[in-house]
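Worksheet: the structure to be examined is printed underneath.
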Amino acid sequence: MIRLEINGRIATVTLSRPPVNAISTEWIAHFDSTLERLAARTDWHVLHVRSDQKVFCAGADLAQVRACLAGPDGPDQMLAYVAGMQRLFARIEELSQVTVAEIGGAALGGGLELALACDLRIAAAEAKLGLPEARLGVIPGAGGTQRLTRLCGQATAARLILGAEVIDGGTAATLGIAHWSVPRAELPGRSAEITRRIAELPAAALAASKACIAAAAVPGRGGYLDELEHTRRLYSSEDTRRRVEAFLADNVKSQA
């Protein structure tokens with residue numbers, strides 16, 4: 001269901017549950033177990049989430065949804081199921097490492113909610129993205145209403161969620177949902193380029209930057225004090241001082 005490979009400080013998680021990477025309770029447990037394995041290691045800076053199926057992730061496992069609703073406590077079972085997705089996606093969002101979603105095919109419902117939990121998204125221009133739950137009389141309750149609104153603003157979130165609109169990867173990039181969009185044939189190479197570039201950056205600086213960006217999204221808080229605290233801590237790091245001194249040695253004369 002979930003394959004993990006670590007190479008060059010990049011942890012690649014490949015979604016592999018034919019045919020559409022449907023999200024079941026078992027799938028959630030497999031992903032959680034993968035994150036546990038990663039938490040025990042320090043040899044990775046970037047989490048790269050991709051799929052080996054034609055789709056990225058089509059969302060909820062329809063067989064499980066049917067089984068939940070068939071019982072007398074159907075609403076409670078569905079609530080527990082969606083809460084499990086919420087917890088997994090929150091765990092991905094809260095990682096200190098940078099996370100990148102490579103969207104080569106459809107990312108719908110919970111599939112898009114998974115991608116939204118990542119820091120960065122690169123989508124094939126031909127891919128289909130959307131939160132169409134309103135068509136079924138429900139909502140994207142695994143974080144979709146919150147993350148899409150924070151990412152793109154209320155107007156865009158309302159357009160996609162209230163209209164149950166499905167868009168292509170190019171439109172997703174225009175709206176700010178995806179950070180990059182390329183033809184599907186170019187997606188693996190471009191994703192590899194992006195993840196390699198990020199993986200080469202200092203892990204401590206990436207983690208501090210993520211924390212400050214997250215602080216900016218908290219109403220009434222701001223992250224200015226966070227910036228100062230992380231700056232103090234980073235300048236106390238031997239690795240940072242070495243990098244800064246090397247940069248100064250190469251560039252001070254050019255400003256004279």
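Lettering and numbering for the structure tokens are positional, with chains as A, B, ... in the shown order, residues counted from 1 in each chain, and ligands counted from 1 in the shown order.
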
If you run DSSP over the backbone, which residues in region 152-218 of chain A end up strand (DSSP E or B)? Put them as a PyMOL selection string.
chain A and resi 166-168+180-182

Who sits within 6 Å of region 180-196 of chain A, only C-alpha atoms, same chain under 3 positions skipped, as a PyMOL selection string:
chain A and resi 122-125+169-170+173+199

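Among the candidates A:Thr99, A:Gln154, A:Ser209, A:Gln64, the residue lying nearest to Val13 (chain A) is A:Thr99 (atoms considered: only C-alpha atoms).
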
Pull the closest atom pair for each residue of region 127-209 of chain A that gets at most 10 Å from region 68-82 of chain A, along with the distance in Å to one decimal, counting only C-alpha atoms, ordering rows by chain and then ascending residue number, as CSV.
residue,atom,partner,partner_atom,distance
A:Pro140,CA,A:Val82,CA,9.3
A:Gly141,CA,A:Val82,CA,6.8
A:Ala142,CA,A:Val82,CA,5.8
A:Gly143,CA,A:Val82,CA,9.5

One decimal, Å: what's the distance from CA of Thr240 (chain A) over to CA of Gly8 (chain A), could you say?
20.6 Å

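Within 10 Å of Arg9 (chain A), once only C-alpha atoms are used and residues closer than 2 positions along the same chain are dropped, the contacting residues are Ile6, Asn7, Ala11, Thr12, Thr42, Asp43, Trp44, His45, Val46, Leu47, Thr195, Arg196, Ile198, Ala199, Glu200 and Ala203 of chain A.
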
Residues of the last selection are to be written out with N, CA, C and O atoms, as an mmCIF file, in the first residue's frame.
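Written output follows (out.cif):
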data_model
loop_
_atom_site.group_PDB
_atom_site.id
_atom_site.type_symbol
_atom_site.label_atom_id
_atom_site.label_comp_id
_atom_site.auth_asym_id
_atom_site.auth_seq_id
_atom_site.Cartn_x
_atom_site.Cartn_y
_atom_site.Cartn_z
ATOM 1 N N ILE A 6 14.586 5.774 0.894
ATOM 2 C CA ILE A 6 15.359 6.950 1.302
ATOM 3 C C ILE A 6 16.655 6.972 0.511
ATOM 4 O O ILE A 6 17.419 6.000 0.515
ATOM 5 N N ASN A 7 16.885 8.086 -0.169
ATOM 6 C CA ASN A 7 18.078 8.212 -0.998
ATOM 7 C C ASN A 7 18.421 9.693 -1.126
ATOM 8 O O ASN A 7 17.563 10.511 -1.447
ATOM 9 N N ALA A 11 13.190 11.205 1.432
ATOM 10 C CA ALA A 11 12.352 10.056 1.764
ATOM 11 C C ALA A 11 11.172 10.059 0.797
ATOM 12 O O ALA A 11 10.328 10.954 0.839
ATOM 13 N N THR A 12 11.136 9.077 -0.080
ATOM 14 C CA THR A 12 10.062 8.982 -1.071
ATOM 15 C C THR A 12 9.023 7.980 -0.594
ATOM 16 O O THR A 12 9.326 6.804 -0.390
ATOM 17 N N THR A 42 17.306 10.001 10.915
ATOM 18 C CA THR A 42 17.735 11.393 10.756
ATOM 19 C C THR A 42 18.404 11.636 9.409
ATOM 20 O O THR A 42 18.998 12.690 9.195
ATOM 21 N N ASP A 43 18.309 10.659 8.502
ATOM 22 C CA ASP A 43 19.036 10.752 7.239
ATOM 23 C C ASP A 43 18.172 11.276 6.098
ATOM 24 O O ASP A 43 18.428 10.996 4.933
ATOM 25 N N TRP A 44 17.136 12.054 6.412
ATOM 26 C CA TRP A 44 16.288 12.608 5.359
ATOM 27 C C TRP A 44 15.876 14.031 5.737
ATOM 28 O O TRP A 44 15.681 14.347 6.904
ATOM 29 N N HIS A 45 15.755 14.889 4.705
ATOM 30 C CA HIS A 45 15.358 16.285 4.895
ATOM 31 C C HIS A 45 14.036 16.605 4.218
ATOM 32 O O HIS A 45 13.401 17.611 4.550
ATOM 33 N N VAL A 46 13.663 15.794 3.235
ATOM 34 C CA VAL A 46 12.464 16.077 2.423
ATOM 35 C C VAL A 46 11.620 14.811 2.333
ATOM 36 O O VAL A 46 12.160 13.719 2.110
ATOM 37 N N LEU A 47 10.305 14.962 2.498
ATOM 38 C CA LEU A 47 9.364 13.876 2.268
ATOM 39 C C LEU A 47 8.679 14.109 0.933
ATOM 40 O O LEU A 47 8.015 15.126 0.732
ATOM 41 N N THR A 195 12.893 18.346 -5.360
ATOM 42 C CA THR A 195 13.206 17.704 -4.083
ATOM 43 C C THR A 195 14.709 17.655 -3.833
ATOM 44 O O THR A 195 15.149 17.846 -2.689
ATOM 45 N N ARG A 196 15.508 17.436 -4.881
ATOM 46 C CA ARG A 196 16.967 17.439 -4.703
ATOM 47 C C ARG A 196 17.453 18.804 -4.250
ATOM 48 O O ARG A 196 18.305 18.910 -3.357
ATOM 49 N N ILE A 198 15.871 21.145 -2.615
ATOM 50 C CA ILE A 198 15.492 21.414 -1.227
ATOM 51 C C ILE A 198 16.320 20.556 -0.270
ATOM 52 O O ILE A 198 16.770 21.034 0.785
ATOM 53 N N ALA A 199 16.548 19.296 -0.640
ATOM 54 C CA ALA A 199 17.279 18.386 0.234
ATOM 55 C C ALA A 199 18.716 18.836 0.471
ATOM 56 O O ALA A 199 19.336 18.464 1.472
ATOM 57 N N GLU A 200 19.256 19.639 -0.434
ATOM 58 C CA GLU A 200 20.620 20.127 -0.290
ATOM 59 C C GLU A 200 20.735 21.296 0.682
ATOM 60 O O GLU A 200 21.840 21.661 1.091
ATOM 61 N N ALA A 203 18.987 21.473 7.007
ATOM 62 C CA ALA A 203 17.732 21.011 7.600
ATOM 63 C C ALA A 203 17.239 21.950 8.692
ATOM 64 O O ALA A 203 16.031 22.190 8.819
#

For Leu225 (chain A), work out the shell of residues within 10 Å, counting only C-alpha atoms and skipping chain neighbours fewer than 5 positions away, then give it as a count of residues only.
4

To one decimal place in Å, what is the distance between CA of Val166 (chain A) and CA of Leu136 (chain A)?
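Going from CA of Val166 (chain A) over to CA of Leu136 (chain A) covers 14.4 Å.
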
Just asking: which residues within region 26-207 of chain A are alpha helix (DSSP H) according to DSSP, as a PyMOL selection string?
chain A and resi 26-39+62-70+74-93+110-116+144-152+154-162+169-175+187-199+203-207

Go through region 116-211 of chain A residue by residue and, counting only C-alpha atoms, keep those with an atom at most 10 Å from region 91-97 of chain A; for each kept residue give the shortest atom pair and its distance in Å to one decimal, ordered by chain and increasing number, as a Markdown table.
| residue | atom | partner | partner_atom | distance |
| --- | --- | --- | --- | --- |
| A:Leu116 | CA | A:Glu93 | CA | 8.5 |
| A:Ala117 | CA | A:Glu93 | CA | 4.9 |
| A:Cys118 | CA | A:Glu93 | CA | 5.9 |
| A:Asp119 | CA | A:Glu93 | CA | 7.2 |
| A:Ala199 | CA | A:Gln97 | CA | 9.5 |
| A:Ala203 | CA | A:Gln97 | CA | 7.3 |
| A:Ala204 | CA | A:Ser96 | CA | 8.9 |
| A:Leu206 | CA | A:Gln97 | CA | 7.1 |
| A:Ala207 | CA | A:Ser96 | CA | 5.0 |
| A:Ala208 | CA | A:Ser96 | CA | 8.1 |
| A:Ser209 | CA | A:Ser96 | CA | 9.4 |
| A:Lys210 | CA | A:Ser96 | CA | 7.0 |
| A:Ala211 | CA | A:Ser96 | CA | 7.7 |

Identify, on the basis of only C-alpha atoms, every residue whose closest approach to Gly153 (chain A) does not exceed 10 Å; exclude the query and any residue fewer than 5 positions from it along the same chain; express the result as a ChimeraX atom specification.
/A:146-148,158,175-176

For the residues selected in the previous step, produce a file with N, CA and C atoms as a PDB file, in the first residue's frame.
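This is the output file part-v2.pdb:
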ATOM      1  N   GLN A 146     -10.393  23.860   5.718  1.00  0.00           N
ATOM      2  CA  GLN A 146      -9.479  24.731   6.450  1.00  0.00           C
ATOM      3  C   GLN A 146      -8.209  25.020   5.650  1.00  0.00           C
ATOM      4  N   ARG A 147      -7.584  23.973   5.137  1.00  0.00           N
ATOM      5  CA  ARG A 147      -6.300  24.182   4.453  1.00  0.00           C
ATOM      6  C   ARG A 147      -6.477  24.907   3.131  1.00  0.00           C
ATOM      7  N   LEU A 148      -7.523  24.578   2.387  1.00  0.00           N
ATOM      8  CA  LEU A 148      -7.714  25.262   1.106  1.00  0.00           C
ATOM      9  C   LEU A 148      -8.009  26.738   1.332  1.00  0.00           C
ATOM     10  N   ALA A 158     -14.314  28.874  -1.657  1.00  0.00           N
ATOM     11  CA  ALA A 158     -15.756  28.825  -1.886  1.00  0.00           C
ATOM     12  C   ALA A 158     -16.066  28.368  -3.309  1.00  0.00           C
ATOM     13  N   LEU A 175      -4.432  29.225  -9.550  1.00  0.00           N
ATOM     14  CA  LEU A 175      -5.174  29.588  -8.341  1.00  0.00           C
ATOM     15  C   LEU A 175      -4.319  29.509  -7.080  1.00  0.00           C
ATOM     16  N   GLY A 176      -3.109  29.003  -7.205  1.00  0.00           N
ATOM     17  CA  GLY A 176      -2.230  28.910  -6.049  1.00  0.00           C
ATOM     18  C   GLY A 176      -2.356  27.621  -5.266  1.00  0.00           C
TER      19      GLY A 176
END

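Our summary of the geometry notes that CA of Ala83 (chain A) is positioned 14.9 Å from CA of Gly111 (chain A).
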
From the set A:Arg242, A:Ala172, A:Ala58, A:Ala101, which residue has the shortest atom-to-atom contact distance to Glu133 (chain A), counting only C-alpha atoms?
A:Ala58

Spatial neighbours of Ala134 (chain A), 7 Å, only C-alpha atoms, chain gap at least 3 places, as a PyMOL selection string
chain A and resi 137-139+162+164
